[in-house]
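Undergrad: Sending over a structure as structure tokens; questions will come in a sec.
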Amino acid sequence: LDPEQHLTSEEEDQLYTSLHLGIFKLHHLVDNLLESANIEARRFRISPRITDLSLVISEAVQTMRPLLVKYDHGITTEMPLDLPSVYADRKRIVQVLVNLISNSNKYSPSQEEIRVEVKVEDDAVNVSVLDRGPGIPPDQREGLFERFVYPSQESEISQSGAGLGLSVVKAIIEAHGGAVGVKDRAGGGSEFWFSLPDRSED
């Protein structure tokens with residue numbers, strides 16, 4: 001840029017947004033690389049405590065909002081009013097949600113809404129991230145949560161990142177005593193889900 005050239009307010013906003021998204025993507029990538037290295041070296045640990053899951057979800061949504069806006073995606077959340085607390089590592093669960101929302105953001109058509117739904121069933125709290133992307137064929141689901149595995153969709157953005165996000169999600173959730181998975185979303189798309197044990201009465 002010419003140092004004597006003055007940017008308009010709109011140009012400044014675009015520049016700041018671009019810088020913010022670039023920093024976020026780099027931070028996100030580094031987080032997953034570090035976590036993956038710790039998992040590989042068997043140094044991975046969590047620090048769980050009684051946690052308000054609704055606040056965790058809100059933090060993840062706010063973290064992802066600029067990237068969702070860039071790709072013209074909306075996001076909604078649905079959870080029970082009497083959502084129980086969970087015994088979890090807040091930072092790690094935010095990372096799980098950011099990874100799953102980021103994944104949906106990559107594959108969803110523009111102007112489609114991503115949903116985060118929470119349900120309490122039996123002794124678990126189940127969280128789902130639902131999109132209207134192309135879905136994951138059944139024969140590609142095995143191993144999807146392993147390192148460096150991508151869905152084989154022909155898309156410029158489908159190969160962005162390091163192929164680590166879902167493996168990190170799996171390691172974090174299993175360290176909490178929960179489970180992860182993916183299934184078809186009714187009406188088209190994917191539903192990536194994870195469960196956390198309900199420890200509200202412990």
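For the structure tokens, the naming scheme is as follows: chains receive sequential letters (A, B, ...) according to their order of presentation, residues are indexed from 1 within each chain, and ligands are indexed from 1 in presentation order.
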From range 40-163 of chain A, collect each residue whose DSSP state is helix (DSSP H, G or I) and return the set as an NGL selection string.
TA: :A and (40 or 53-70 or 90-107 or 138-140)
Undergrad: So that I can check the surroundings of Pro197 in chain A, please list as a list in words every protein, DNA and RNA residue that reaches within 8 Å of it, counting only C-alpha atoms and ignoring chain neighbours fewer than 5 positions away.
TA: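 Here the qualifying residues turn out to be Val86, Tyr87, Asp123, Ala124, Val125, His176, Gly177 and Gly178 of chain A.
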Undergrad: Would you mind exporting all heavy atoms of the selected residues as an mmCIF file, in the first residue's frame?
TA:
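This is the output file result-v2.cif:
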data_model
loop_
_atom_site.group_PDB
_atom_site.id
_atom_site.type_symbol
_atom_site.label_atom_id
_atom_site.label_comp_id
_atom_site.auth_asym_id
_atom_site.auth_seq_id
_atom_site.Cartn_x
_atom_site.Cartn_y
_atom_site.Cartn_z
ATOM 1 N N VAL A 86 -22.131 -29.935 33.027
ATOM 2 C CA VAL A 86 -21.330 -31.110 32.691
ATOM 3 C C VAL A 86 -19.969 -30.969 33.366
ATOM 4 O O VAL A 86 -19.533 -29.872 33.712
ATOM 5 C CB VAL A 86 -21.147 -31.264 31.165
ATOM 6 C CG1 VAL A 86 -22.461 -31.592 30.500
ATOM 7 C CG2 VAL A 86 -20.521 -30.017 30.553
ATOM 8 N N TYR A 87 -19.329 -32.099 33.573
ATOM 9 C CA TYR A 87 -17.984 -32.120 34.157
ATOM 10 C C TYR A 87 -17.016 -32.185 32.993
ATOM 11 O O TYR A 87 -16.805 -33.246 32.394
ATOM 12 C CB TYR A 87 -17.838 -33.328 35.075
ATOM 13 C CG TYR A 87 -16.597 -33.323 35.924
ATOM 14 C CD1 TYR A 87 -16.384 -32.318 36.867
ATOM 15 C CD2 TYR A 87 -15.647 -34.332 35.786
ATOM 16 C CE1 TYR A 87 -15.240 -32.323 37.658
ATOM 17 C CE2 TYR A 87 -14.507 -34.343 36.577
ATOM 18 C CZ TYR A 87 -14.310 -33.335 37.505
ATOM 19 O OH TYR A 87 -13.172 -33.334 38.283
ATOM 20 N N ASP A 123 -28.235 -40.822 30.638
ATOM 21 C CA ASP A 123 -27.196 -40.247 31.491
ATOM 22 C C ASP A 123 -26.162 -39.479 30.686
ATOM 23 O O ASP A 123 -24.995 -39.370 31.087
ATOM 24 C CB ASP A 123 -26.486 -41.358 32.276
ATOM 25 C CG ASP A 123 -27.435 -42.056 33.245
ATOM 26 O OD1 ASP A 123 -28.310 -41.363 33.804
ATOM 27 O OD2 ASP A 123 -27.308 -43.281 33.420
ATOM 28 N N ALA A 124 -26.573 -38.915 29.550
ATOM 29 C CA ALA A 124 -25.623 -38.197 28.703
ATOM 30 C C ALA A 124 -26.240 -36.907 28.163
ATOM 31 O O ALA A 124 -27.453 -36.786 28.015
ATOM 32 C CB ALA A 124 -25.169 -39.078 27.541
ATOM 33 N N VAL A 125 -25.368 -35.954 27.897
ATOM 34 C CA VAL A 125 -25.753 -34.734 27.187
ATOM 35 C C VAL A 125 -25.198 -34.862 25.771
ATOM 36 O O VAL A 125 -23.987 -35.028 25.582
ATOM 37 C CB VAL A 125 -25.177 -33.485 27.870
ATOM 38 C CG1 VAL A 125 -25.558 -32.230 27.083
ATOM 39 C CG2 VAL A 125 -25.681 -33.378 29.305
ATOM 40 N N HIS A 176 -13.024 -37.432 27.910
ATOM 41 C CA HIS A 176 -14.103 -37.065 28.830
ATOM 42 C C HIS A 176 -15.031 -38.233 29.139
ATOM 43 O O HIS A 176 -15.996 -38.088 29.882
ATOM 44 C CB HIS A 176 -14.940 -35.918 28.241
ATOM 45 C CG HIS A 176 -14.306 -34.562 28.338
ATOM 46 N ND1 HIS A 176 -13.328 -34.121 27.474
ATOM 47 C CD2 HIS A 176 -14.527 -33.544 29.209
ATOM 48 C CE1 HIS A 176 -12.976 -32.894 27.798
ATOM 49 N NE2 HIS A 176 -13.683 -32.520 28.847
ATOM 50 N N GLY A 177 -14.780 -39.387 28.538
ATOM 51 C CA GLY A 177 -15.662 -40.529 28.730
ATOM 52 C C GLY A 177 -16.868 -40.516 27.818
ATOM 53 O O GLY A 177 -17.847 -41.230 28.053
ATOM 54 N N GLY A 178 -16.814 -39.703 26.755
ATOM 55 C CA GLY A 178 -17.932 -39.603 25.829
ATOM 56 C C GLY A 178 -17.661 -40.321 24.522
ATOM 57 O O GLY A 178 -16.712 -41.085 24.402
#
Undergrad: Considering only C-alpha atoms, can you say which of A:Val168, A:Met64, A:Leu55, A:Ile50 comes closest to Ala88 in chain A?
TA: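 Checking each candidate against Ala88 in chain A, we get A:Ile50 as the closest.
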Undergrad: Nearest residue to Leu97 in chain A out of A:Phe145, A:Phe192, A:Phe44, A:Tyr71, using only C-alpha atoms?
TA: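 The answer is A:Phe192, which sits nearest to Leu97 in chain A.
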Undergrad: Which residue, A:Pro137, A:Asp131, A:Gly165, A:Thr76, has the smallest gap to Glu191 in chain A when you use only C-alpha atoms?
TA: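 The shortest atom-to-atom distance to Glu191 in chain A comes from A:Asp131.
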